[in-house]
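Participant: Sharing protein_4.pdb below, PDB, C-alpha atoms:
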```
ATOM      1  CA  MET A  14     -74.419  32.837 -10.253
ATOM      2  CA  GLU A  15     -75.622  34.587 -13.396
ATOM      3  CA  PHE A  16     -79.391  34.602 -14.015
ATOM      4  CA  ARG A  17     -80.594  32.286 -16.760
ATOM      5  CA  SER A  18     -84.231  32.014 -17.748
ATOM      6  CA  PHE A  19     -85.788  28.606 -18.314
ATOM      7  CA  MET A  20     -89.029  30.026 -19.699
ATOM      8  CA  GLU A  21     -88.285  28.708 -23.189
ATOM      9  CA  GLN A  22     -88.347  25.129 -21.819
ATOM     10  CA  ALA A  23     -91.654  25.902 -20.094
ATOM     11  CA  LEU A  24     -93.016  27.272 -23.374
ATOM     12  CA  GLU A  25     -91.904  24.060 -25.141
ATOM     13  CA  GLU A  26     -93.913  22.065 -22.579
ATOM     14  CA  ALA A  27     -96.881  24.388 -23.155
ATOM     15  CA  ARG A  28     -96.699  23.868 -26.926
ATOM     16  CA  ALA A  29     -96.595  20.092 -26.419
ATOM     17  CA  ALA A  30     -99.603  20.270 -24.083
ATOM     18  CA  GLY A  31    -101.545  22.265 -26.673
ATOM     19  CA  ALA A  32    -100.657  19.717 -29.367
ATOM     20  CA  ARG A  33    -102.150  17.014 -27.092
ATOM     21  CA  GLY A  34    -105.401  18.986 -26.803
ATOM     22  CA  GLU A  35    -104.601  20.250 -23.307
ATOM     23  CA  VAL A  36    -104.664  23.888 -22.246
ATOM     24  CA  PRO A  37    -101.153  25.007 -23.274
ATOM     25  CA  VAL A  38     -99.411  25.559 -19.949
ATOM     26  CA  GLY A  39     -95.901  24.349 -19.198
ATOM     27  CA  ALA A  40     -93.726  24.308 -16.093
ATOM     28  CA  VAL A  41     -90.080  23.649 -15.291
ATOM     29  CA  VAL A  42     -88.454  23.127 -11.870
ATOM     30  CA  VAL A  43     -84.810  24.226 -11.652
ATOM     31  CA  SER A  44     -82.368  23.233  -8.894
ATOM     32  CA  PRO A  45     -80.319  25.771  -6.930
ATOM     33  CA  ARG A  46     -77.386  24.793  -9.187
ATOM     34  CA  GLY A  47     -79.336  25.824 -12.290
ATOM     35  CA  GLN A  48     -80.227  22.370 -13.605
ATOM     36  CA  VAL A  49     -83.673  21.319 -14.802
ATOM     37  CA  VAL A  50     -84.971  18.754 -12.317
ATOM     38  CA  ALA A  51     -88.445  18.239 -13.780
ATOM     39  CA  GLN A  52     -90.743  19.643 -16.429
ATOM     40  CA  SER A  53     -94.264  19.049 -17.573
ATOM     41  CA  GLY A  54     -97.235  20.413 -19.424
ATOM     42  CA  ASN A  55    -100.889  20.212 -18.494
ATOM     43  CA  ARG A  56    -102.335  16.671 -18.592
ATOM     44  CA  THR A  57    -105.757  17.086 -16.980
ATOM     45  CA  ARG A  58    -107.655  15.541 -19.891
ATOM     46  CA  GLU A  59    -105.112  12.841 -20.653
ATOM     47  CA  LEU A  60    -105.009  11.670 -17.031
ATOM     48  CA  SER A  61    -108.662  12.482 -16.207
ATOM     49  CA  ASP A  62    -107.263  14.369 -13.239
ATOM     50  CA  PRO A  63    -108.270  17.951 -12.408
ATOM     51  CA  THR A  64    -105.058  18.346 -10.383
ATOM     52  CA  ALA A  65    -102.767  17.433 -13.299
ATOM     53  CA  HIS A  66    -101.739  21.031 -13.933
ATOM     54  CA  ALA A  67     -98.241  21.569 -15.313
ATOM     55  CA  GLU A  68     -96.993  22.985 -11.997
ATOM     56  CA  MET A  69     -98.385  20.122  -9.938
ATOM     57  CA  LEU A  70     -96.878  17.475 -12.213
ATOM     58  CA  ALA A  71     -93.485  19.182 -12.323
ATOM     59  CA  ILE A  72     -93.438  19.631  -8.533
ATOM     60  CA  ARG A  73     -94.389  15.978  -7.985
ATOM     61  CA  ALA A  74     -91.658  14.793 -10.358
ATOM     62  CA  ALA A  75     -89.039  17.073  -8.797
ATOM     63  CA  CYS A  76     -89.897  15.883  -5.295
ATOM     64  CA  ALA A  77     -89.756  12.255  -6.426
ATOM     65  CA  ALA A  78     -86.375  12.836  -8.098
ATOM     66  CA  GLY A  79     -84.989  14.450  -4.963
ATOM     67  CA  VAL A  80     -86.741  12.036  -2.597
ATOM     68  CA  SER A  81     -88.097  14.930  -0.542
ATOM     69  CA  GLU A  82     -91.371  16.775  -0.106
ATOM     70  CA  ARG A  83     -89.492  20.098  -0.097
ATOM     71  CA  LEU A  84     -87.838  21.942  -2.962
ATOM     72  CA  VAL A  85     -85.980  24.529  -0.900
ATOM     73  CA  GLY A  86     -83.891  26.806  -3.104
ATOM     74  CA  HIS A  87     -85.523  25.601  -6.326
ATOM     75  CA  ASP A  88     -87.122  27.846  -8.951
ATOM     76  CA  LEU A  89     -90.334  27.237 -10.864
ATOM     77  CA  TYR A  90     -90.909  28.611 -14.348
ATOM     78  CA  VAL A  91     -94.504  28.438 -15.546
ATOM     79  CA  THR A  92     -96.125  29.973 -18.600
ATOM     80  CA  LEU A  93     -99.325  31.059 -16.817
ATOM     81  CA  GLU A  94     -99.936  32.586 -13.400
ATOM     82  CA  PRO A  95    -100.505  29.643 -11.045
ATOM     83  CA  CYS A  96    -104.045  29.005  -9.830
ATOM     84  CA  ALA A  97    -104.791  28.866  -6.097
ATOM     85  CA  MET A  98    -104.298  25.068  -5.989
ATOM     86  CA  CYS A  99    -100.883  25.279  -7.631
ATOM     87  CA  ALA A 100     -99.858  28.295  -5.560
ATOM     88  CA  ALA A 101    -100.666  26.342  -2.378
ATOM     89  CA  ALA A 102     -98.522  23.425  -3.638
ATOM     90  CA  ILE A 103     -95.692  25.845  -4.454
ATOM     91  CA  ALA A 104     -95.853  27.211  -0.907
ATOM     92  CA  ALA A 105     -96.009  23.710   0.610
ATOM     93  CA  ALA A 106     -92.956  22.662  -1.416
ATOM     94  CA  ARG A 107     -91.079  25.771  -0.223
ATOM     95  CA  ILE A 108     -90.046  26.759  -3.747
ATOM     96  CA  ALA A 109     -87.776  29.825  -3.583
ATOM     97  CA  ARG A 110     -88.774  31.718  -6.725
ATOM     98  CA  VAL A 111     -91.650  31.596  -9.196
ATOM     99  CA  TYR A 112     -91.289  33.065 -12.674
ATOM    100  CA  TYR A 113     -94.485  33.174 -14.703
ATOM    101  CA  GLY A 114     -95.467  34.419 -18.115
ATOM    102  CA  ALA A 115     -99.074  35.358 -18.715
ATOM    103  CA  SER A 116    -101.271  36.811 -15.990
ATOM    104  CA  ASP A 117    -104.563  35.042 -15.290
ATOM    105  CA  PRO A 118    -107.169  37.537 -14.034
ATOM    106  CA  LYS A 119    -109.895  34.858 -14.202
ATOM    107  CA  SER A 120    -108.248  31.919 -12.388
ATOM    108  CA  GLY A 121    -104.898  33.137 -11.083
ATOM    109  CA  GLY A 122    -104.002  32.634  -7.463
ATOM    110  CA  VAL A 123    -100.864  34.758  -7.135
ATOM    111  CA  ALA A 124    -101.534  38.326  -8.337
ATOM    112  CA  HIS A 125    -105.265  37.768  -8.808
ATOM    113  CA  GLY A 126    -108.041  35.920  -7.017
ATOM    114  CA  ALA A 127    -106.965  34.174  -3.837
ATOM    115  CA  ARG A 128    -103.463  35.741  -3.767
ATOM    116  CA  VAL A 129    -102.254  32.699  -1.878
ATOM    117  CA  PHE A 130     -98.740  33.922  -1.081
ATOM    118  CA  SER A 131     -99.970  37.112   0.585
ATOM    119  CA  HIS A 132    -102.582  35.301   2.685
ATOM    120  CA  PRO A 133    -101.834  35.270   6.444
ATOM    121  CA  GLN A 134    -102.136  31.479   6.495
ATOM    122  CA  ALA A 135     -99.494  30.969   3.795
ATOM    123  CA  HIS A 136     -96.672  28.892   5.258
ATOM    124  CA  HIS A 137     -94.189  30.164   2.690
ATOM    125  CA  ALA A 138     -94.131  32.947   0.115
ATOM    126  CA  PRO A 139     -91.641  32.599  -2.743
ATOM    127  CA  GLU A 140     -90.210  35.528  -4.631
ATOM    128  CA  VAL A 141     -92.472  36.107  -7.637
ATOM    129  CA  TYR A 142     -91.472  37.509 -11.016
ATOM    130  CA  ASP A 143     -94.199  37.947 -13.631
ATOM    131  CA  GLY A 144     -94.286  38.761 -17.321
ATOM    132  CA  ILE A 145     -91.376  36.477 -18.314
ATOM    133  CA  GLY A 146     -92.223  35.308 -21.842
ATOM    134  CA  ALA A 147     -95.723  36.722 -21.406
ATOM    135  CA  GLN A 148     -96.349  37.594 -25.053
ATOM    136  CA  GLU A 149     -95.654  34.107 -26.349
ATOM    137  CA  ALA A 150     -97.526  32.448 -23.466
ATOM    138  CA  GLU A 151    -100.543  34.686 -24.089
ATOM    139  CA  ALA A 152    -100.412  33.978 -27.829
ATOM    140  CA  LEU A 153    -100.388  30.209 -27.189
ATOM    141  CA  LEU A 154    -103.398  30.453 -24.900
ATOM    142  CA  ARG A 155    -105.295  32.834 -27.178
ATOM    143  CA  GLY A 156    -104.687  30.598 -30.201
ATOM    144  CA  PHE A 157    -105.764  27.497 -28.296
ATOM    145  CA  PHE A 158    -109.061  28.971 -27.104
ATOM    146  CA  THR A 159    -109.810  30.725 -30.396
ATOM    147  CA  ALA A 160    -109.509  27.398 -32.217
ATOM    148  CA  ARG A 161    -112.067  25.836 -29.863
ATOM    149  CA  ARG A 162    -114.735  28.510 -30.284
TER     150      ARG A 162
END
```
Please express what this file holds, its structure, as structure tokens.

Facilitator:
Amino acid sequence: MEFRSFMEQALEEARAAGARGEVPVGAVVVSPRGQVVAQSGNRTRELSDPTAHAEMLAIRAACAAGVSERLVGHDLYVTLEPCAMCAAAIAAARIARVYYGASDPKSGGVAHGARVFSHPQAHHAPEVYDGIGAQEAEALLRGFFTARR
């Protein structure tokens, strides 16, 4: 199957999250057949839930849609490097590949910080591809935080 990026859909979710006053992060879960199964943007403030990160919400919705706790063979597109919490959920869900945009040296859990997938206790390590749509994802985040300072 030919590679097709779904980062633009993740960026759309990030823009919508930013418009709601949330940190502009978006995520999309794609089936092995290349169909979007679930997508979401951050909703931590809206839901008063510190776990309502875009990745967590998209993973929950994809699992509910597939009536399974595993997303074997699925891909996750997310505009920001997943934090340690989200990386652990990605591993638990057995997601095959993670594509992320902007790096997160402060709170990332994949290439920075906890490096969850390379930890000896990680049950599963997906393939990871970074820098997909990074410039636009970084610009969204920079604009969001600049406006709040």

Participant: What is the atom CA of Leu93 of chain A to atom CA of Val80 of chain A distance in Å?

Facilitator: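 Straight-line distance from atom CA of Leu93 of chain A to atom CA of Val80 of chain A works out to 26.9 Å.
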
Participant: With a distance cut-off of 9 Å and only C-alpha atoms, select the neighbouring residues of segment 53-55 of chain A, excluding the residue or stretch itself and same-chain residues fewer than 3 positions from it, and output the selection as a list of chain:residue names.

Facilitator: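 Non-adjacent residues within range: A:Ala23, A:Leu24, A:Glu25, A:Glu26, A:Ala27, A:Arg28, A:Ala29, A:Ala30, A:Gly31, A:Glu35, A:Val36, A:Pro37, A:Val38, A:Gly39, A:Ala40, A:Val41, A:Arg58, A:Glu59, A:Ala65, A:His66, A:Ala67, A:Glu68, A:Met69, A:Leu70, A:Ala71, A:Ala74.
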
Participant: Can those selected residues be exported to a file as an mmCIF file, in the coordinates of the input so that it contains C-alpha atoms?

Facilitator:
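This is the output file out.cif:
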```cif
data_model
loop_
_atom_site.group_PDB
_atom_site.id
_atom_site.type_symbol
_atom_site.label_atom_id
_atom_site.label_comp_id
_atom_site.auth_asym_id
_atom_site.auth_seq_id
_atom_site.Cartn_x
_atom_site.Cartn_y
_atom_site.Cartn_z
ATOM 1 C CA ALA A 23 -91.654 25.902 -20.094
ATOM 2 C CA LEU A 24 -93.016 27.272 -23.374
ATOM 3 C CA GLU A 25 -91.904 24.060 -25.141
ATOM 4 C CA GLU A 26 -93.913 22.065 -22.579
ATOM 5 C CA ALA A 27 -96.881 24.388 -23.155
ATOM 6 C CA ARG A 28 -96.699 23.868 -26.926
ATOM 7 C CA ALA A 29 -96.595 20.092 -26.419
ATOM 8 C CA ALA A 30 -99.603 20.270 -24.083
ATOM 9 C CA GLY A 31 -101.545 22.265 -26.673
ATOM 10 C CA GLU A 35 -104.601 20.250 -23.307
ATOM 11 C CA VAL A 36 -104.664 23.888 -22.246
ATOM 12 C CA PRO A 37 -101.153 25.007 -23.274
ATOM 13 C CA VAL A 38 -99.411 25.559 -19.949
ATOM 14 C CA GLY A 39 -95.901 24.349 -19.198
ATOM 15 C CA ALA A 40 -93.726 24.308 -16.093
ATOM 16 C CA VAL A 41 -90.080 23.649 -15.291
ATOM 17 C CA ARG A 58 -107.655 15.541 -19.891
ATOM 18 C CA GLU A 59 -105.112 12.841 -20.653
ATOM 19 C CA ALA A 65 -102.767 17.433 -13.299
ATOM 20 C CA HIS A 66 -101.739 21.031 -13.933
ATOM 21 C CA ALA A 67 -98.241 21.569 -15.313
ATOM 22 C CA GLU A 68 -96.993 22.985 -11.997
ATOM 23 C CA MET A 69 -98.385 20.122 -9.938
ATOM 24 C CA LEU A 70 -96.878 17.475 -12.213
ATOM 25 C CA ALA A 71 -93.485 19.182 -12.323
ATOM 26 C CA ALA A 74 -91.658 14.793 -10.358
#
```

Participant: Using all atoms listed in the file, pick whichever of A:Ser18, A:Gln52, A:Thr64, A:Ser116 has the shortest atom-to-atom distance to Met98 of chain A.

Facilitator: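 Looking only at the distances to Met98 of chain A, the closest residue turns out to be A:Thr64.
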
Participant: Within 10 Å of (-92.5, 37.5, -23.1), only C-alpha atoms: residues as a compact mmCIF listing (two decimals) with C-alpha atoms, in the coordinates of the input?

Facilitator:
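That gives us result-v7.txt:
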```txt
# COMPACT_ATOMS: atom_id res chain seq x y z
CA MET A 20 -89.03 30.03 -19.70
CA GLU A 21 -88.28 28.71 -23.19
CA THR A 92 -96.12 29.97 -18.60
CA TYR A 113 -94.48 33.17 -14.70
CA GLY A 114 -95.47 34.42 -18.11
CA ALA A 115 -99.07 35.36 -18.72
CA ASP A 143 -94.20 37.95 -13.63
CA GLY A 144 -94.29 38.76 -17.32
CA ILE A 145 -91.38 36.48 -18.31
CA GLY A 146 -92.22 35.31 -21.84
CA ALA A 147 -95.72 36.72 -21.41
CA GLN A 148 -96.35 37.59 -25.05
CA GLU A 149 -95.65 34.11 -26.35
CA ALA A 150 -97.53 32.45 -23.47
CA GLU A 151 -100.54 34.69 -24.09
CA ALA A 152 -100.41 33.98 -27.83
```

Participant: Residue by residue, what does the PyMOL selection byres ((chain A and resi 133-139) around 12) grab here? Present the result as a VMD selection string.

Facilitator: chain A and resid 83 to 89 97 100 to 112 123 127 to 132 140 to 142

Participant: So the first atom is atom CA of Asp117 of chain A and the second is atom CA of Pro63 of chain A; what is the distance between them in Å, to one decimal place?

Facilitator: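 Interatomic distance, atom CA of Asp117 of chain A to atom CA of Pro63 of chain A: 17.7 Å.
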
Participant: Mind pulling up the distance from atom CA of Cys96 of chain A to atom CA of Ser120 of chain A?

Facilitator: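 Distance reported for this atom pair: 5.7 Å.
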
Participant: Pull out every residue that the PyMOL selection byres ((chain A and resi 75) around 8) matches in the shown coordinates and put them as a PyMOL selection string.

Facilitator: chain A and resi 42+50-51+71-74+76-79+84

Participant: So, counting all atoms listed in the file, which residue among A:Gly156, A:Arg17, A:Arg33, A:Val43 is closest to Arg56 of chain A?

Facilitator: A:Arg33

Participant: With all atoms listed in the file as the basis for distance, which of A:Gln22, A:Val91, A:Gly34, A:Glu82 is at the shortest distance from Phe157 of chain A?

Facilitator: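 Closest residue, counting all atoms listed in the file: A:Gly34.
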